[in-house]
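A.B. asks: CSV, C-alpha atoms, file query-v5.csv:
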```csv
chain,number,residue,atom,x,y,z
A,1,MET,CA,-11.7,16.1,16.9
A,2,GLY,CA,-9.9,19.4,17.0
A,3,GLU,CA,-11.6,20.7,13.9
A,4,ALA,CA,-13.0,23.8,15.7
A,5,GLY,CA,-9.5,25.3,15.8
A,6,ILE,CA,-8.3,24.1,12.4
A,7,GLY,CA,-11.4,23.6,10.3
A,8,GLY,CA,-10.4,26.2,7.7
A,9,LEU,CA,-6.9,24.7,7.3
A,10,ARG,CA,-8.4,21.2,7.0
A,11,ARG,CA,-10.9,22.3,4.3
A,12,SER,CA,-8.2,24.2,2.4
A,13,TRP,CA,-6.0,21.1,2.3
A,14,LEU,CA,-8.8,18.7,1.3
A,15,ASP,CA,-9.8,21.1,-1.5
A,16,TRP,CA,-6.2,21.2,-2.8
A,17,LEU,CA,-6.0,17.4,-2.7
A,18,ALA,CA,-9.2,17.2,-4.8
A,19,HIS,CA,-8.8,20.0,-7.3
A,20,GLU,CA,-5.1,20.5,-7.7
A,21,ARG,CA,-3.5,17.2,-6.7
A,22,ARG,CA,-6.5,15.3,-8.2
A,23,LEU,CA,-6.2,12.4,-5.8
A,24,ALA,CA,-8.6,9.5,-6.3
A,25,GLY,CA,-11.7,9.7,-4.1
A,26,ASN,CA,-10.7,6.7,-2.1
A,27,THR,CA,-7.3,8.2,-1.3
A,28,ARG,CA,-8.8,11.5,-0.3
A,29,THR,CA,-11.3,9.7,2.0
A,30,ALA,CA,-8.4,7.8,3.6
A,31,TYR,CA,-6.3,10.9,4.0
A,32,GLU,CA,-9.2,12.8,5.6
A,33,ALA,CA,-9.8,9.9,8.0
A,34,ASP,CA,-6.1,9.8,8.9
A,35,PHE,CA,-6.0,13.5,9.5
A,36,ASP,CA,-9.1,13.3,11.8
A,37,ASP,CA,-7.5,10.4,13.6
A,38,PHE,CA,-4.4,12.5,14.1
A,39,THR,CA,-6.2,15.6,15.5
A,40,GLY,CA,-8.4,13.4,17.6
A,41,PHE,CA,-5.4,11.8,19.2
A,42,LEU,CA,-3.7,15.3,19.7
A,43,THR,CA,-6.8,16.6,21.5
A,44,GLY,CA,-6.2,14.1,24.3
A,45,HIS,CA,-2.5,14.0,24.0
A,46,LEU,CA,-2.1,17.8,24.3
A,47,GLY,CA,-5.0,18.2,26.6
A,48,GLY,CA,-6.8,21.0,24.7
A,49,THR,CA,-8.1,22.3,21.4
A,50,VAL,CA,-5.9,21.6,18.5
A,51,ASP,CA,-5.3,24.9,16.6
A,52,ALA,CA,-2.6,26.2,14.2
A,53,ALA,CA,-0.3,27.1,17.1
A,54,ALA,CA,-0.5,23.6,18.6
A,55,LEU,CA,0.3,22.0,15.2
A,56,ALA,CA,3.2,24.4,14.6
A,57,GLY,CA,4.6,23.4,18.0
A,58,LEU,CA,4.5,19.7,17.6
A,59,MET,CA,7.7,17.7,18.2
A,60,PRO,CA,8.7,14.5,16.5
A,61,ALA,CA,7.9,12.7,19.8
A,62,ASP,CA,4.2,13.8,19.5
A,63,ILE,CA,3.8,12.4,16.0
A,64,ARG,CA,5.6,9.1,17.0
A,65,ALA,CA,3.3,8.8,20.0
A,66,TRP,CA,0.3,9.0,17.5
A,67,LEU,CA,1.8,6.3,15.3
A,68,ALA,CA,2.5,4.2,18.4
A,69,SER,CA,-1.1,4.5,19.5
A,70,ARG,CA,-2.2,3.3,16.1
A,71,ARG,CA,0.1,0.3,16.3
A,72,ALA,CA,-1.4,-0.5,19.7
A,73,ARG,CA,-4.8,-0.5,18.0
A,74,GLY,CA,-3.6,-3.1,15.6
A,75,VAL,CA,-3.1,-0.7,12.6
A,76,SER,CA,-0.7,-2.2,10.1
A,77,ALA,CA,2.7,-0.7,9.1
A,78,ALA,CA,1.4,0.0,5.6
A,79,SER,CA,-1.6,1.9,6.9
A,80,ASN,CA,0.6,3.9,9.3
A,81,ALA,CA,2.9,4.8,6.4
A,82,ARG,CA,-0.1,6.0,4.4
A,83,ALA,CA,-1.4,8.0,7.4
A,84,LEU,CA,2.0,9.6,7.9
A,85,SER,CA,2.0,10.5,4.2
A,86,ALA,CA,-1.3,12.3,4.7
A,87,ILE,CA,-0.1,14.3,7.7
A,88,ARG,CA,3.1,15.3,5.9
A,89,SER,CA,1.0,16.3,2.9
A,90,PHE,CA,-1.0,18.6,5.1
A,91,PHE,CA,2.0,20.2,6.7
A,92,ARG,CA,3.7,20.7,3.3
A,93,ARG,CA,0.6,22.4,1.9
A,94,MET,CA,0.3,24.7,5.0
A,95,LYS,CA,3.9,25.7,4.6
A,96,GLN,CA,3.3,26.5,0.9
A,97,LEU,CA,0.4,28.7,1.9
A,98,GLY,CA,2.4,30.3,4.7
A,99,ARG,CA,-0.3,29.3,7.2
A,100,LEU,CA,2.0,27.3,9.5
A,101,ASP,CA,5.4,25.7,9.4
A,102,ASN,CA,6.6,22.7,11.3
A,103,ALA,CA,9.9,21.2,10.1
A,104,ALA,CA,9.7,18.4,12.7
A,105,ALA,CA,6.5,17.1,11.2
A,106,LEU,CA,8.2,17.0,7.7
A,107,SER,CA,11.3,15.3,9.1
A,108,ILE,CA,9.5,12.1,10.3
A,109,THR,CA,10.2,9.2,8.0
A,110,PRO,CA,7.5,6.6,7.2
A,111,PRO,CA,7.7,3.4,9.2
A,112,LYS,CA,9.2,0.5,7.2
A,113,THR,CA,6.6,-1.8,5.8
A,114,PRO,CA,7.4,-5.5,5.8
A,115,ARG,CA,8.2,-6.7,2.3
A,116,ARG,CA,5.6,-9.2,1.3
A,117,ALA,CA,6.8,-12.4,-0.1
A,118,PRO,CA,5.3,-13.2,-3.5
A,119,LYS,CA,2.6,-15.8,-3.6
A,120,PRO,CA,3.4,-18.0,-6.6
A,121,VAL,CA,1.1,-20.7,-7.8
A,122,SER,CA,2.3,-24.3,-8.2
A,123,PRO,CA,3.5,-25.5,-11.6
A,124,GLU,CA,0.5,-27.7,-12.0
A,125,MET,CA,-1.8,-24.8,-11.2
A,126,ALA,CA,0.0,-22.5,-13.6
A,127,LEU,CA,-0.4,-25.0,-16.4
A,128,GLY,CA,-4.0,-25.5,-15.6
A,129,ILE,CA,-4.5,-21.7,-15.8
A,130,VAL,CA,-2.9,-21.3,-19.2
A,131,ASP,CA,-4.9,-24.3,-20.6
A,132,ALA,CA,-8.3,-23.2,-19.2
A,133,PRO,CA,-9.1,-20.4,-21.7
A,134,LEU,CA,-9.3,-22.9,-24.5
A,135,GLU,CA,-11.6,-25.1,-22.6
A,136,ALA,CA,-14.1,-22.2,-22.2
A,137,GLY,CA,-14.8,-22.4,-25.9
A,138,ASP,CA,-14.3,-18.7,-26.7
A,139,GLY,CA,-12.7,-19.3,-30.1
A,140,TRP,CA,-10.0,-16.8,-31.1
A,141,GLN,CA,-10.4,-14.9,-27.8
A,142,GLY,CA,-9.6,-18.1,-25.9
A,143,LEU,CA,-6.5,-18.6,-28.0
A,144,ARG,CA,-5.6,-14.9,-27.3
A,145,ASP,CA,-6.0,-15.3,-23.5
A,146,ARG,CA,-3.9,-18.4,-23.5
A,147,ALA,CA,-1.1,-16.8,-25.4
A,148,VAL,CA,-1.1,-13.8,-23.0
A,149,LEU,CA,-1.1,-16.0,-19.9
A,150,MET,CA,1.7,-18.1,-21.3
A,151,LEU,CA,3.8,-14.9,-21.8
A,152,LEU,CA,3.2,-14.0,-18.1
A,153,TYR,CA,4.1,-17.4,-16.8
A,154,GLY,CA,6.5,-18.8,-19.4
A,155,ALA,CA,8.4,-15.5,-20.0
A,156,GLY,CA,7.8,-13.6,-16.8
A,157,LEU,CA,6.3,-10.6,-18.5
A,158,ARG,CA,4.2,-7.9,-16.8
A,159,ILE,CA,0.7,-7.5,-18.2
A,160,SER,CA,1.7,-4.0,-19.5
A,161,GLU,CA,4.7,-5.6,-21.3
A,162,ALA,CA,2.7,-8.4,-22.9
A,163,LEU,CA,0.0,-6.0,-24.1
A,164,ALA,CA,2.5,-3.5,-25.5
A,165,LEU,CA,3.7,-6.1,-28.1
A,166,THR,CA,2.9,-5.3,-31.6
A,167,VAL,CA,2.4,-7.3,-34.8
A,168,ALA,CA,6.0,-6.4,-35.7
A,169,ASP,CA,7.2,-8.5,-32.8
A,170,ALA,CA,5.6,-11.6,-34.3
A,171,PRO,CA,6.3,-14.3,-35.0
A,172,LEU,CA,8.2,-14.6,-31.8
A,173,GLY,CA,11.7,-16.0,-32.2
A,174,ARG,CA,13.9,-17.6,-29.6
A,175,ALA,CA,14.2,-14.4,-27.7
A,176,LEU,CA,12.0,-11.3,-27.4
A,177,ALA,CA,13.0,-7.7,-26.8
A,178,VAL,CA,10.8,-6.3,-24.0
A,179,THR,CA,10.6,-2.7,-22.9
A,180,GLY,CA,9.8,-2.5,-19.2
A,181,LYS,CA,9.7,0.0,-16.4
A,182,GLY,CA,11.9,3.1,-16.9
A,183,GLY,CA,12.1,2.4,-20.6
A,184,LYS,CA,14.7,-0.3,-20.0
A,185,THR,CA,14.8,-3.0,-22.7
A,186,ARG,CA,15.7,-6.6,-21.9
A,187,ARG,CA,15.8,-9.8,-23.9
A,188,VAL,CA,13.7,-12.7,-22.7
A,189,PRO,CA,14.0,-16.3,-24.0
A,190,VAL,CA,10.8,-17.6,-25.6
A,191,LEU,CA,9.8,-21.2,-25.3
A,192,PRO,CA,8.5,-22.8,-28.5
A,193,ALA,CA,5.2,-23.5,-26.8
A,194,ILE,CA,4.7,-19.7,-26.2
A,195,ALA,CA,5.6,-18.9,-29.8
A,196,GLU,CA,3.2,-21.5,-31.0
A,197,ALA,CA,0.4,-20.2,-28.8
A,198,VAL,CA,0.9,-16.7,-30.2
A,199,GLU,CA,0.8,-18.0,-33.8
A,200,ALA,CA,-2.4,-20.0,-33.1
A,201,TYR,CA,-4.0,-16.8,-31.8
A,202,ARG,CA,-2.8,-14.8,-34.9
A,203,ALA,CA,-4.1,-17.4,-37.3
A,204,ALA,CA,-7.6,-17.3,-35.7
A,205,CYS,CA,-7.8,-13.5,-35.0
A,206,PRO,CA,-10.4,-12.1,-37.4
A,207,PHE,CA,-8.8,-8.6,-37.7
A,208,ASP,CA,-6.3,-7.5,-40.3
A,209,GLU,CA,-2.7,-7.1,-39.3
A,210,ARG,CA,-0.3,-4.2,-39.8
A,211,PRO,CA,3.2,-3.9,-38.2
A,212,ASP,CA,2.3,-1.1,-35.8
A,213,ARG,CA,-1.0,-2.7,-34.6
A,214,ALA,CA,-1.2,-4.1,-31.1
A,215,LEU,CA,-0.6,-7.8,-31.2
A,216,PHE,CA,-3.4,-8.7,-28.8
A,217,LEU,CA,-6.8,-7.3,-29.5
A,218,GLY,CA,-10.1,-6.9,-27.7
A,219,ALA,CA,-13.4,-8.2,-29.0
A,220,ARG,CA,-14.0,-5.0,-31.2
A,221,GLY,CA,-10.5,-4.9,-32.6
A,222,GLY,CA,-9.0,-2.3,-30.3
A,223,PRO,CA,-5.9,-3.0,-28.2
A,224,LEU,CA,-6.6,-5.5,-25.4
A,225,ARG,CA,-7.0,-3.8,-22.1
A,226,PRO,CA,-5.4,-5.1,-18.8
A,227,GLU,CA,-8.7,-5.3,-17.1
A,228,ILE,CA,-9.8,-7.9,-19.6
A,229,VAL,CA,-6.9,-10.1,-18.6
A,230,GLN,CA,-7.6,-9.5,-14.9
A,231,ALA,CA,-11.3,-10.3,-15.5
A,232,GLU,CA,-10.3,-13.6,-17.2
A,233,ILE,CA,-8.1,-14.5,-14.2
A,234,ARG,CA,-11.1,-13.8,-11.8
A,235,ARG,CA,-13.2,-16.1,-14.0
A,236,LEU,CA,-10.6,-18.8,-13.9
A,237,ARG,CA,-10.3,-18.5,-10.1
A,238,GLY,CA,-14.0,-19.3,-9.8
A,239,ALA,CA,-14.0,-22.0,-12.5
A,240,LEU,CA,-10.9,-23.8,-11.1
A,241,GLY,CA,-11.5,-23.1,-7.4
A,242,LEU,CA,-8.3,-21.1,-7.0
A,243,PRO,CA,-7.5,-18.7,-4.2
A,244,GLU,CA,-7.7,-14.9,-4.5
A,245,THR,CA,-3.9,-14.7,-4.5
A,246,VAL,CA,-4.0,-16.0,-8.1
A,247,THR,CA,-3.6,-12.9,-10.2
A,248,PRO,CA,-1.9,-12.1,-13.5
A,249,HIS,CA,1.1,-10.8,-11.6
A,250,ALA,CA,1.2,-14.1,-9.6
A,251,LEU,CA,2.1,-15.8,-12.8
A,252,ARG,CA,5.1,-13.6,-13.2
A,253,HIS,CA,6.0,-14.4,-9.6
A,254,SER,CA,5.7,-18.1,-10.4
A,255,PHE,CA,8.0,-17.8,-13.4
A,256,ALA,CA,10.7,-16.4,-11.2
A,257,THR,CA,10.1,-18.7,-8.3
A,258,HIS,CA,10.0,-21.8,-10.3
A,259,LEU,CA,13.2,-20.8,-12.1
A,260,LEU,CA,14.9,-20.2,-8.7
A,261,GLY,CA,13.6,-23.5,-7.5
A,262,GLY,CA,15.1,-25.2,-10.6
A,263,GLY,CA,18.5,-23.8,-9.8
A,264,ALA,CA,18.6,-20.6,-11.8
A,265,ASP,CA,21.0,-17.9,-10.8
A,266,LEU,CA,19.4,-15.0,-9.0
A,267,ARG,CA,21.3,-12.4,-11.1
A,268,ALA,CA,20.0,-14.1,-14.3
A,269,ILE,CA,16.4,-14.0,-12.9
A,270,GLN,CA,16.9,-10.3,-12.2
A,271,GLU,CA,17.8,-9.7,-15.8
A,272,LEU,CA,14.8,-11.8,-17.1
A,273,LEU,CA,12.4,-9.9,-14.9
A,274,GLY,CA,13.9,-6.5,-15.7
A,275,HIS,CA,14.4,-5.5,-12.0
A,276,ALA,CA,16.7,-2.5,-11.6
A,277,SER,CA,17.9,-3.8,-8.2
A,278,LEU,CA,18.9,-7.2,-7.2
A,279,SER,CA,17.3,-6.6,-3.8
A,280,THR,CA,13.9,-6.6,-5.5
A,281,THR,CA,14.6,-10.0,-7.0
A,282,GLN,CA,15.9,-11.4,-3.7
A,283,VAL,CA,12.4,-11.6,-2.3
A,284,TYR,CA,12.0,-14.8,-4.2
A,285,THR,CA,14.6,-16.5,-2.0
A,286,ASP,CA,12.1,-16.3,0.8
A,287,VAL,CA,10.0,-19.0,-0.9
A,288,ASP,CA,10.8,-22.6,-0.2
A,289,ALA,CA,13.0,-23.4,-3.1
A,290,GLU,CA,13.4,-27.1,-2.2
A,291,ALA,CA,9.6,-27.7,-2.2
A,292,LEU,CA,9.3,-26.0,-5.6
A,293,TYR,CA,12.2,-27.9,-7.0
A,294,ARG,CA,10.5,-31.2,-6.5
A,295,THR,CA,7.5,-30.1,-8.5
A,296,TYR,CA,9.4,-28.1,-11.0
A,297,GLU,CA,11.3,-31.1,-12.3
A,298,THR,CA,8.2,-32.8,-13.5
A,299,ALA,CA,5.8,-29.9,-14.3
A,300,ARG,CA,8.0,-27.2,-15.8
A,301,PRO,CA,9.0,-29.3,-18.9
A,302,ALA,CA,5.3,-29.6,-19.7
A,303,ILE,CA,5.1,-26.0,-20.8
A,304,ALA,CA,8.2,-26.5,-22.8
A,305,ARG,CA,6.4,-29.2,-24.7
A,306,GLY,CA,3.4,-27.1,-25.3
A,307,GLY,CA,1.4,-26.9,-22.1
A,308,GLY,CA,-0.3,-29.3,-19.8
A,309,LYS,CA,-2.3,-30.8,-22.6
A,310,ALA,CA,-1.2,-31.6,-26.1
A,311,ARG,CA,-3.2,-29.7,-28.8
A,312,LYS,CA,-3.0,-29.4,-32.5
A,313,ARG,CA,-4.1,-26.4,-34.4
A,314,ALA,CA,-6.8,-27.0,-37.0
```
Can the structure in the file be given as structure tokens, please?
C.D. replies:
Amino acid sequence: MGEAGIGGLRRSWLDWLAHERRLAGNTRTAYEADFDDFTGFLTGHLGGTVDAAALAGLMPADIRAWLASRRARGVSAASNARALSAIRSFFRRMKQLGRLDNAAALSITPPKTPRRAPKPVSPEMALGIVDAPLEAGDGWQGLRDRAVLMLLYGAGLRISEALALTVADAPLGRALAVTGKGGKTRRVPVLPAIAEAVEAYRAACPFDERPDRALFLGARGGPLRPEIVQAEIRRLRGALGLPETVTPHALRHSFATHLLGGGADLRAIQELLGHASLSTTQVYTDVDAEALYRTYETARPAIARGGGKARKRA
């Protein structure tokens, strides 16, 4: 695999990734495999042992040949982009240490990865998801989960944004100020059904309120953690027979896609989602808007009336 000539450099780089960069174990394992794949290819490509001099003499065409060989093996563009990041990381570290320098290796740009279209759920499925926590009989925690899920689908919030709300934000009015990525604040309209769901949860929550306390709490009274919401979605997938593409973020995608299908302006959706660039929002135009429109007309008003099923708070 070429390690005989560059074993010391390889170990030095891997130690740096672990102890200074503190990369996650899975990432380090992937980087190590990518590097070994690279040097294994070069052994045959260059016809000899891969040493520091061989690496310093590589041309862009050599690295592109490696990427092409991976594509021929069916490796995805995303995996190739990660592999190239690993190799660039190695060469950057070697340059810092003064062990070898190859500007050509650092000049290679990652291959473009195809932009994945979001996988929204249908309006009927979304309404079934937001109603399901109550049917599990979990008391105030079921009311909490329903309120959170309604914020994801009915207001297009990210999990982090919903869980960053504090008691001072309640009761929710007709619009909610949300601080998203990059500290950018946007105002999001709040449907009455969402505000009512939040108030139902607050009324049932057994913990005392104070303005700076997290609005949504876990079972022991601490701030609700994202993994609890994610675990609830996994439970619902099993209970409702939903595909694995149904995630908390899929509800946010559904919010945008159903609005687009209902005729909303793309620029307005960008503002509602808090996207810095319109190009990020334009991915939703890849979804069949006409098919969504037919279901939107009947299903979307249901959440505006309070969800898929009428409920009264005791």
A.B. asks: Identify, on the basis of only C-alpha atoms, every residue whose closest approach to stretch 118-122 of chain A does not exceed 6 Å; exclude the query and any residue fewer than 5 positions from it along the same chain; express the result as a PyMOL selection string.
C.D. replies: chain A and resi 250+253-254
A.B. asks: Would you please work out which residue, of A:Met94, A:Ala83, A:Ala77, A:Leu23, is nearest to A:Arg11 when using only C-alpha atoms?
C.D. replies: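 Answer, going by the shortest atom-to-atom distance: A:Met94.
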A.B. asks: Figure out the distance between atom CA of A:Gly8 and atom CA of A:Leu97, please, to one decimal in Å.
C.D. replies: 12.5 Å
A.B. asks: Go through A:Val198, A:Leu106, A:Ala168, A:Ile159 and flag the residue nearest A:Ala147, using all atoms listed in the file for the distances.
C.D. replies: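 When distances to A:Ala147 are compared using all atoms listed in the file, the smallest one comes from A:Val198.
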A.B. asks: For A:Ala155, which residue out of A:Gly182, A:Gly173, A:Pro189, A:Gly238 is the nearest one, using all atoms listed in the file?
C.D. replies: A:Pro189
A.B. asks: Between A:Leu157, A:Ala204, A:Ala164, A:Leu151, which residue has the minimum interatomic distance to A:Arg186, considering only C-alpha atoms?
C.D. replies: A:Leu157
A.B. asks: Write out as a list in words the residues lying within 10 Å of stretch 212-222 of chain A, counting only C-alpha atoms and excluding same-chain residues fewer than 4 positions away.
C.D. replies: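 Those residues are Trp140, Gln141, Arg144, Asp145, Ala147, Val148, Ala162, Leu163, Ala164, Leu165, Thr166, Val167, Ala168, Asp169, Ala170, Val198, Tyr201, Arg202, Cys205, Pro206, Phe207, Asp208 and Ile228 of chain A.
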A.B. asks: Would you pick out the contacts of A:Trp66 at 8 Å or less, using all atoms listed in the file, so that residues sharing its chain but fewer than 2 positions from it are not included, and give the list as a ChimeraX atom specification?
C.D. replies: /A:38,41-42,62-64,68-70
A.B. asks: So how far away is atom CA of A:Ser85 from atom CA of A:Ala52, in Å?
C.D. replies: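 Here the two named atoms are 19.2 Å from each other.
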A.B. asks: Could you check how far atom CA of A:Leu224 sits from atom CA of A:Ser160, in Å to one decimal?
C.D. replies: 10.3 Å
A.B. asks: Between A:Lys184, A:Arg92, A:Arg99, A:Arg82, which is the closest to A:Ile6 once you count only C-alpha atoms?
C.D. replies: A:Arg99
A.B. asks: So which residues touch A:Arg158 within 8 Å, counting all atoms listed in the file, skipping near sequence neighbours fewer than 3 positions away, as a VMD selection string?
C.D. replies: chain A and resid 152 161 to 162 249 252
A.B. asks: Nearest residue to A:Ala177 out of A:Ala56, A:Gly7, A:Val246, A:Val190, using only C-alpha atoms?
C.D. replies: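 Looking only at the distances to A:Ala177, the closest residue turns out to be A:Val190.
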A.B. asks: Extract stretch 142-159 of chain A from the structure I just pasted (atoms: N, CA and C atoms) and return it as a PDB file, in the first residue's frame.
C.D. replies:
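What follows is the written file decode26.pdb:
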```pdb
ATOM      1  N   GLY A 142     -46.350  14.197  25.731  1.00  0.00           N
ATOM      2  CA  GLY A 142     -46.997  14.068  24.437  1.00  0.00           C
ATOM      3  C   GLY A 142     -47.439  15.418  23.901  1.00  0.00           C
ATOM      4  N   LEU A 143     -47.984  16.255  24.790  1.00  0.00           N
ATOM      5  CA  LEU A 143     -48.357  17.616  24.380  1.00  0.00           C
ATOM      6  C   LEU A 143     -47.129  18.413  23.958  1.00  0.00           C
ATOM      7  N   ARG A 144     -46.036  18.218  24.678  1.00  0.00           N
ATOM      8  CA  ARG A 144     -44.774  18.896  24.320  1.00  0.00           C
ATOM      9  C   ARG A 144     -44.300  18.476  22.940  1.00  0.00           C
ATOM     10  N   ASP A 145     -44.268  17.154  22.690  1.00  0.00           N
ATOM     11  CA  ASP A 145     -43.774  16.661  21.402  1.00  0.00           C
ATOM     12  C   ASP A 145     -44.648  17.157  20.265  1.00  0.00           C
ATOM     13  N   ARG A 146     -45.956  17.195  20.494  1.00  0.00           N
ATOM     14  CA  ARG A 146     -46.852  17.680  19.436  1.00  0.00           C
ATOM     15  C   ARG A 146     -46.586  19.153  19.143  1.00  0.00           C
ATOM     16  N   ALA A 147     -46.381  19.949  20.187  1.00  0.00           N
ATOM     17  CA  ALA A 147     -46.116  21.373  19.986  1.00  0.00           C
ATOM     18  C   ALA A 147     -44.821  21.579  19.206  1.00  0.00           C
ATOM     19  N   VAL A 148     -43.787  20.814  19.546  1.00  0.00           N
ATOM     20  CA  VAL A 148     -42.511  20.940  18.839  1.00  0.00           C
ATOM     21  C   VAL A 148     -42.672  20.548  17.376  1.00  0.00           C
ATOM     22  N   LEU A 149     -43.324  19.424  17.125  1.00  0.00           N
ATOM     23  CA  LEU A 149     -43.493  18.962  15.748  1.00  0.00           C
ATOM     24  C   LEU A 149     -44.339  19.928  14.924  1.00  0.00           C
ATOM     25  N   MET A 150     -45.310  20.563  15.565  1.00  0.00           N
ATOM     26  CA  MET A 150     -46.117  21.548  14.847  1.00  0.00           C
ATOM     27  C   MET A 150     -45.293  22.776  14.485  1.00  0.00           C
ATOM     28  N   LEU A 151     -44.338  23.132  15.339  1.00  0.00           N
ATOM     29  CA  LEU A 151     -43.464  24.254  14.995  1.00  0.00           C
ATOM     30  C   LEU A 151     -42.567  23.913  13.810  1.00  0.00           C
ATOM     31  N   LEU A 152     -42.132  22.642  13.731  1.00  0.00           N
ATOM     32  CA  LEU A 152     -41.286  22.235  12.609  1.00  0.00           C
ATOM     33  C   LEU A 152     -42.067  22.241  11.304  1.00  0.00           C
ATOM     34  N   TYR A 153     -43.279  21.691  11.350  1.00  0.00           N
ATOM     35  CA  TYR A 153     -44.065  21.602  10.115  1.00  0.00           C
ATOM     36  C   TYR A 153     -44.869  22.876   9.845  1.00  0.00           C
ATOM     37  N   GLY A 154     -45.508  23.411  10.859  1.00  0.00           N
ATOM     38  CA  GLY A 154     -46.399  24.552  10.642  1.00  0.00           C
ATOM     39  C   GLY A 154     -45.701  25.886  10.538  1.00  0.00           C
ATOM     40  N   ALA A 155     -44.443  25.982  11.054  1.00  0.00           N
ATOM     41  CA  ALA A 155     -43.711  27.245  10.994  1.00  0.00           C
ATOM     42  C   ALA A 155     -42.357  27.097  10.311  1.00  0.00           C
ATOM     43  N   GLY A 156     -41.972  25.864   9.964  1.00  0.00           N
ATOM     44  CA  GLY A 156     -40.723  25.653   9.240  1.00  0.00           C
ATOM     45  C   GLY A 156     -39.476  25.853  10.058  1.00  0.00           C
ATOM     46  N   LEU A 157     -39.560  25.679  11.372  1.00  0.00           N
ATOM     47  CA  LEU A 157     -38.390  25.874  12.220  1.00  0.00           C
ATOM     48  C   LEU A 157     -37.446  24.667  12.157  1.00  0.00           C
ATOM     49  N   ARG A 158     -36.175  24.936  12.345  1.00  0.00           N
ATOM     50  CA  ARG A 158     -35.212  23.866  12.594  1.00  0.00           C
ATOM     51  C   ARG A 158     -35.403  23.383  14.034  1.00  0.00           C
ATOM     52  N   ILE A 159     -34.934  22.156  14.328  1.00  0.00           N
ATOM     53  CA  ILE A 159     -35.029  21.665  15.702  1.00  0.00           C
ATOM     54  C   ILE A 159     -34.335  22.640  16.653  1.00  0.00           C
TER      55      ILE A 159
END
```
